[in-house]
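Since the structure comes first, as structure tokens, the remarks are kept for the end.
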Amino acid sequence: LCKLGNPHAAWTAEFSDPLLMTSRGRPRTARLDRRWLTRHGIAEAFAARGLAVPDDDRLFFWAEALPAVLADRLVFTNANQLACMLHYQPVEALRGLMNRKARIAPQPQPPANFYDARQPRYALEPDVINIGYFGSFYKVRGLGEVVAALAALPDSLRQKIRLHVFTEQPGKVKQLAAYKAVAPSVRLNAFVGYLDFLALLRRFDYLLVNDAVSQHQGCGNPYRPSKLSDYLGSGRPVWAICEDNSPLAQEELPPGSIRTGVGQAQALAAALKLMVARLAGAGG
């Protein structure tokens with residue numbers, strides 16, 4: 001509506017994720033009263049551009065269609081995301097507009113001085129590998145396989161590892177089947193403020209980021225974890241658990257980083273062993 005009222009104002013619309021489809025590859029079902037389109041001049045704006053008004057009342061269809069038609073530039077965080085949204089877009093004219101206006105731009109890294117803005121108090125044990133994880137959990141992304149891999153290690157190795165989890169959902173970690181076996185090696189924490197988060201990143205030996213398991217059909221994993229840019233800006237090694245050909249799998253990571261495939265239990269355990277071996281090699 002702002003664009004219609006101010007047609008010369010530049011509008012850049014950024015899609016952080018696909019909107020019409022959920023992370024499980026299912027269409028969102030919320031509905032839009034199509035009278036809103038006529039009442040606010042949307043139908044007229046489509047006609048002025050030689051476009052028919054799509055016969056669709058899905059709210060999130062219009063959340064993608066309106067920027068496609070009215071915005072001057074569309075920003076996508078990765079090429080898979082654009083390909084996915086083009087794949088399921090049913091209107092050919094909208095696909096063409098999206099493709100012409102598209103720009104691929106990953107989430108930006110914070111300026112270096114942001115990482116030094118705060119000095120939060122948080123104790124890390126010496127002579128162990130400290131792995132940091134920051135984020136929420138969903139049906140398509142959790143820590144189950146990481147905790148299981150930690151539980152599969154011999155006690156002598158597991159005692160050399162600390163997994164620090166910062167989340168609003170500590171109960172989801174405690175509910176994991178292998179949690180009791182690894183509890184002495186896990187530190188559960190609440191979320192911290194953004195600048196504290198950035199400062200803490202530089203203190204860990206590894207920063208853990210894992211892909212949401214994609215269930216989109218006909219296109220690759222469309223999700224680039226937003227915290228990845230924060231991680232990369234810290235310069236610390238990243239432990240990336242990736243789906244094949246996902247944005248995370250294709251990302252250039254800092255020196256010392258480790259990349260592991262989703263669902264590869266032995267490889268996950270091997271990654272943890274490698275971390276401990278590097279610690280021993282460094283004299284830790």
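Please note that chains go A, B, ... in the order of the structure tokens, that every chain numbers its residues from 1, and that ligands are numbered from 1 in the order shown.
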
Discussion item. Applying 7 Å and only C-alpha atoms, which residues near A:Leu208 remain after dropping the ones on its own chain fewer than 6 positions away? List them as a ChimeraX atom specification.
Written reply: /A:131-133,238-240

Practice prompt. Name the residues in contact with A:Leu198 at a cut-off of 8 Å, using only C-alpha atoms, excluding same-chain residues fewer than 4 positions from it; report them as a PyMOL selection string.
Written response: chain A and resi 114-115+194+202+230+234

Convert the current residue selection to file output with all heavy atoms, as a PDB file, in the first residue's frame.
```
ATOM      1  N   PHE A 114      31.340  -4.902  16.396  1.00  0.00           N
ATOM      2  CA  PHE A 114      30.168  -5.395  17.126  1.00  0.00           C
ATOM      3  C   PHE A 114      30.544  -6.547  18.058  1.00  0.00           C
ATOM      4  O   PHE A 114      29.921  -6.736  19.104  1.00  0.00           O
ATOM      5  CB  PHE A 114      29.086  -5.871  16.148  1.00  0.00           C
ATOM      6  CG  PHE A 114      28.230  -4.777  15.598  1.00  0.00           C
ATOM      7  CD1 PHE A 114      28.748  -3.516  15.338  1.00  0.00           C
ATOM      8  CD2 PHE A 114      26.898  -5.005  15.311  1.00  0.00           C
ATOM      9  CE1 PHE A 114      27.957  -2.501  14.819  1.00  0.00           C
ATOM     10  CE2 PHE A 114      26.091  -4.002  14.796  1.00  0.00           C
ATOM     11  CZ  PHE A 114      26.628  -2.752  14.545  1.00  0.00           C
ATOM     12  N   TYR A 115      31.544  -7.344  17.648  1.00  0.00           N
ATOM     13  CA  TYR A 115      31.941  -8.507  18.446  1.00  0.00           C
ATOM     14  C   TYR A 115      32.683  -8.101  19.724  1.00  0.00           C
ATOM     15  O   TYR A 115      32.835  -8.914  20.632  1.00  0.00           O
ATOM     16  CB  TYR A 115      32.819  -9.445  17.610  1.00  0.00           C
ATOM     17  CG  TYR A 115      32.075 -10.111  16.477  1.00  0.00           C
ATOM     18  CD1 TYR A 115      31.898  -9.466  15.251  1.00  0.00           C
ATOM     19  CD2 TYR A 115      31.537 -11.384  16.626  1.00  0.00           C
ATOM     20  CE1 TYR A 115      31.208 -10.064  14.211  1.00  0.00           C
ATOM     21  CE2 TYR A 115      30.861 -11.996  15.583  1.00  0.00           C
ATOM     22  CZ  TYR A 115      30.689 -11.331  14.387  1.00  0.00           C
ATOM     23  OH  TYR A 115      29.995 -11.937  13.355  1.00  0.00           O
ATOM     24  N   TYR A 194      21.842  -9.853  21.733  1.00  0.00           N
ATOM     25  CA  TYR A 194      22.568 -10.023  20.478  1.00  0.00           C
ATOM     26  C   TYR A 194      24.052  -9.683  20.598  1.00  0.00           C
ATOM     27  O   TYR A 194      24.909 -10.435  20.107  1.00  0.00           O
ATOM     28  CB  TYR A 194      21.917  -9.181  19.380  1.00  0.00           C
ATOM     29  CG  TYR A 194      22.549  -9.369  18.026  1.00  0.00           C
ATOM     30  CD1 TYR A 194      22.491 -10.604  17.377  1.00  0.00           C
ATOM     31  CD2 TYR A 194      23.220  -8.329  17.394  1.00  0.00           C
ATOM     32  CE1 TYR A 194      23.074 -10.784  16.131  1.00  0.00           C
ATOM     33  CE2 TYR A 194      23.799  -8.499  16.147  1.00  0.00           C
ATOM     34  CZ  TYR A 194      23.722  -9.729  15.517  1.00  0.00           C
ATOM     35  OH  TYR A 194      24.310  -9.924  14.294  1.00  0.00           O
ATOM     36  N   ARG A 202      33.294 -15.714  19.872  1.00  0.00           N
ATOM     37  CA  ARG A 202      34.752 -15.762  19.730  1.00  0.00           C
ATOM     38  C   ARG A 202      35.431 -16.591  20.808  1.00  0.00           C
ATOM     39  O   ARG A 202      36.640 -16.821  20.732  1.00  0.00           O
ATOM     40  CB  ARG A 202      35.306 -14.331  19.749  1.00  0.00           C
ATOM     41  CG  ARG A 202      34.987 -13.552  18.481  1.00  0.00           C
ATOM     42  CD  ARG A 202      35.634 -12.189  18.473  1.00  0.00           C
ATOM     43  NE  ARG A 202      35.613 -11.590  17.141  1.00  0.00           N
ATOM     44  CZ  ARG A 202      36.052 -10.380  16.856  1.00  0.00           C
ATOM     45  NH1 ARG A 202      36.557  -9.615  17.816  1.00  0.00           N
ATOM     46  NH2 ARG A 202      35.993  -9.913  15.621  1.00  0.00           N
ATOM     47  N   ASP A 230      26.591 -14.507  11.325  1.00  0.00           N
ATOM     48  CA  ASP A 230      27.165 -14.092  12.605  1.00  0.00           C
ATOM     49  C   ASP A 230      28.357 -14.965  12.961  1.00  0.00           C
ATOM     50  O   ASP A 230      29.388 -14.475  13.438  1.00  0.00           O
ATOM     51  CB  ASP A 230      26.105 -14.187  13.710  1.00  0.00           C
ATOM     52  CG  ASP A 230      24.917 -13.292  13.448  1.00  0.00           C
ATOM     53  OD1 ASP A 230      25.132 -12.119  13.107  1.00  0.00           O
ATOM     54  OD2 ASP A 230      23.777 -13.764  13.571  1.00  0.00           O
ATOM     55  N   SER A 234      32.727 -14.007  13.191  1.00  0.00           N
ATOM     56  CA  SER A 234      33.555 -14.201  14.388  1.00  0.00           C
ATOM     57  C   SER A 234      34.930 -14.753  14.055  1.00  0.00           C
ATOM     58  O   SER A 234      35.865 -14.638  14.851  1.00  0.00           O
ATOM     59  CB  SER A 234      32.853 -15.149  15.365  1.00  0.00           C
ATOM     60  OG  SER A 234      32.929 -16.500  14.906  1.00  0.00           O
TER      61      SER A 234
END
```

Discussion item. I'd like to know which of A:Arg73, A:Asn210, A:Ala249, A:Pro170 is closest to A:Leu268, using only C-alpha atoms.
Written reply: A:Asn210

Would you mind listing what lies within 9 Å of A:Leu157 as a PDB file with all heavy atoms, in the first residue's frame, with only C-alpha atoms counted and same-chain residues fewer than 5 positions away left out?
```
ATOM      1  N   LEU A 272      33.639 -35.350  16.270  1.00  0.00           N
ATOM      2  CA  LEU A 272      33.934 -35.086  17.680  1.00  0.00           C
ATOM      3  C   LEU A 272      35.313 -35.645  18.067  1.00  0.00           C
ATOM      4  O   LEU A 272      36.077 -35.006  18.797  1.00  0.00           O
ATOM      5  CB  LEU A 272      32.848 -35.699  18.563  1.00  0.00           C
ATOM      6  CG  LEU A 272      31.460 -35.034  18.452  1.00  0.00           C
ATOM      7  CD1 LEU A 272      30.392 -35.884  19.128  1.00  0.00           C
ATOM      8  CD2 LEU A 272      31.485 -33.636  19.066  1.00  0.00           C
ATOM      9  N   LYS A 273      35.632 -36.819  17.557  1.00  0.00           N
ATOM     10  CA  LYS A 273      36.955 -37.409  17.834  1.00  0.00           C
ATOM     11  C   LYS A 273      38.067 -36.543  17.241  1.00  0.00           C
ATOM     12  O   LYS A 273      39.128 -36.374  17.861  1.00  0.00           O
ATOM     13  CB  LYS A 273      37.020 -38.830  17.260  1.00  0.00           C
ATOM     14  CG  LYS A 273      36.119 -39.832  17.966  1.00  0.00           C
ATOM     15  CD  LYS A 273      36.171 -41.195  17.274  1.00  0.00           C
ATOM     16  CE  LYS A 273      35.231 -42.185  17.944  1.00  0.00           C
ATOM     17  NZ  LYS A 273      35.206 -43.498  17.244  1.00  0.00           N
ATOM     18  N   VAL A 276      38.789 -33.605  19.483  1.00  0.00           N
ATOM     19  CA  VAL A 276      39.582 -33.989  20.659  1.00  0.00           C
ATOM     20  C   VAL A 276      41.027 -34.243  20.240  1.00  0.00           C
ATOM     21  O   VAL A 276      41.976 -33.855  20.943  1.00  0.00           O
ATOM     22  CB  VAL A 276      38.980 -35.241  21.332  1.00  0.00           C
ATOM     23  CG1 VAL A 276      39.886 -35.729  22.453  1.00  0.00           C
ATOM     24  CG2 VAL A 276      37.589 -34.924  21.885  1.00  0.00           C
TER      25      VAL A 276
END
```

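Among the candidates A:Gly171, A:Pro154, A:Gly50, A:Pro27, the residue lying nearest to A:Asn189 is A:Gly171 (atoms considered: only C-alpha atoms).
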
Worksheet item: Closest to A:Asp205 among A:Ala282, A:Ile129, A:Met85, A:Ala148, using only C-alpha atoms?
Response: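 Closest to A:Asp205 of all the choices is A:Ile129.
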
Discussion item. Just list as a PyMOL selection string whatever in stretch 63-217 of chain A DSSP marks as alpha helix (DSSP H).
Written reply: chain A and resi 63-70+79-88+92-101+144-151+155-158+170-174+179-182+194-201

Worksheet, complete the sentence: Across A:Cys242, A:Ala13, A:Val147, A:Ala47, the smallest distance to A:Val75, with only C-alpha atoms counted, is shown by A:Ala13

Long-range neighbours of A:Leu82 as a CSV table (one decimal) with N, CA and C atoms, in the first residue's frame, 12 Å cut-off, only C-alpha atoms, 5 positions minimum in chain:
```csv
chain,number,residue,atom,x,y,z
A,14,GLU,N,12.9,-8.3,0.8
A,14,GLU,CA,13.8,-9.4,1.1
A,14,GLU,C,13.0,-10.6,1.6
A,15,PHE,N,13.2,-11.8,1.0
A,15,PHE,CA,12.5,-13.0,1.5
A,15,PHE,C,13.6,-13.8,2.3
A,16,SER,N,13.4,-13.9,3.6
A,16,SER,CA,14.4,-14.6,4.4
A,16,SER,C,14.2,-16.1,4.2
A,17,ASP,N,13.0,-16.5,3.9
A,17,ASP,CA,12.6,-17.9,3.6
A,17,ASP,C,11.5,-18.0,2.6
A,18,PRO,N,11.2,-19.1,2.0
A,18,PRO,CA,10.0,-19.2,1.2
A,18,PRO,C,8.8,-19.0,2.2
A,19,LEU,N,7.8,-18.3,1.7
A,19,LEU,CA,6.6,-18.0,2.5
A,19,LEU,C,5.4,-19.0,2.3
A,64,GLU,N,3.9,-13.4,-1.4
A,64,GLU,CA,4.9,-13.5,-2.4
A,64,GLU,C,4.6,-12.7,-3.7
A,74,LEU,N,13.9,-7.8,-5.6
A,74,LEU,CA,13.6,-8.9,-4.7
A,74,LEU,C,15.0,-9.5,-4.2
A,75,VAL,N,15.2,-9.7,-3.0
A,75,VAL,CA,16.4,-10.2,-2.4
A,75,VAL,C,16.1,-11.6,-1.8
A,76,PHE,N,16.9,-12.6,-2.2
A,76,PHE,CA,16.9,-13.9,-1.7
A,76,PHE,C,18.2,-14.3,-1.1
A,77,THR,N,18.2,-15.0,0.0
A,77,THR,CA,19.4,-15.3,0.7
A,77,THR,C,20.3,-16.3,0.0
A,87,HIS,N,9.9,-22.6,-8.5
A,87,HIS,CA,9.4,-24.0,-8.8
A,87,HIS,C,7.9,-24.1,-8.4
A,88,TYR,N,7.5,-23.6,-7.2
A,88,TYR,CA,6.1,-23.8,-6.8
A,88,TYR,C,5.2,-22.7,-7.2
A,89,GLN,N,5.7,-21.6,-7.7
A,89,GLN,CA,4.9,-20.5,-8.1
A,89,GLN,C,4.1,-20.9,-9.3
A,95,ARG,N,6.4,-15.7,-12.1
A,95,ARG,CA,7.7,-16.4,-12.1
A,95,ARG,C,8.7,-15.5,-12.9
A,96,GLY,N,8.2,-14.9,-14.0
A,96,GLY,CA,9.1,-14.1,-14.9
A,96,GLY,C,9.5,-12.8,-14.1
A,98,MET,N,9.6,-12.4,-10.8
A,98,MET,CA,10.5,-12.7,-9.7
A,98,MET,C,11.9,-13.0,-10.2
A,99,ASN,N,12.0,-13.6,-11.4
A,99,ASN,CA,13.4,-14.0,-11.9
A,99,ASN,C,14.1,-12.7,-12.4
A,100,ARG,N,13.4,-11.8,-13.0
A,100,ARG,CA,14.0,-10.5,-13.5
A,100,ARG,C,14.4,-9.6,-12.3
A,101,LYS,N,13.7,-9.6,-11.2
A,101,LYS,CA,14.0,-8.7,-10.2
A,101,LYS,C,14.9,-9.3,-9.1
A,102,ALA,N,15.2,-10.5,-9.2
A,102,ALA,CA,15.9,-11.3,-8.2
A,102,ALA,C,17.3,-10.8,-8.0
A,103,ARG,N,17.8,-10.8,-6.7
A,103,ARG,CA,19.2,-10.6,-6.4
A,103,ARG,C,19.5,-11.6,-5.3
A,104,ILE,N,20.6,-12.3,-5.4
A,104,ILE,CA,21.0,-13.2,-4.3
A,104,ILE,C,22.0,-12.5,-3.4
A,105,ALA,N,21.6,-12.4,-2.1
A,105,ALA,CA,22.5,-11.7,-1.1
A,105,ALA,C,22.3,-12.4,0.2
A,219,CYS,N,13.2,-29.2,-5.6
A,219,CYS,CA,14.2,-28.2,-5.5
A,219,CYS,C,15.1,-28.5,-4.3
A,220,GLY,N,16.3,-28.0,-4.2
A,220,GLY,CA,17.2,-28.3,-3.1
A,220,GLY,C,16.8,-27.6,-1.8
A,221,ASN,N,17.5,-27.8,-0.8
A,221,ASN,CA,17.3,-27.2,0.5
A,221,ASN,C,17.3,-25.7,0.3
A,222,PRO,N,16.2,-24.9,0.6
A,222,PRO,CA,16.2,-23.5,0.4
A,222,PRO,C,16.6,-22.6,1.5
A,223,TYR,N,17.1,-23.2,2.6
A,223,TYR,CA,17.3,-22.5,3.8
A,223,TYR,C,18.8,-22.3,4.1
A,224,ARG,N,19.2,-21.0,4.3
A,224,ARG,CA,20.6,-20.7,4.7
A,224,ARG,C,20.4,-20.2,6.2
A,247,PRO,N,22.6,-24.6,0.9
A,247,PRO,CA,23.5,-23.4,1.0
A,247,PRO,C,24.6,-23.6,2.0
```

Fill in: Given only C-alpha atoms as the counted atoms, nearest of A:Pro225, A:Gly41, A:Pro120, A:Gly235 to A:Ser257
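Result for the nearest residue to A:Ser257: A:Gly235.
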
Discussion item. Based on the backbone DSSP call, show me all residues of stretch 225-257 of chain A assigned strand (DSSP E or B), as number ranges by chain.
Written reply: A: 238-242

Item to complete: Give the answer as one residue: which of A:Leu248, A:Ala93, A:Met275, A:Ala269 has the shortest atom-to-atom distance to A:Ala79, using only C-alpha atoms?
Response: A:Leu248
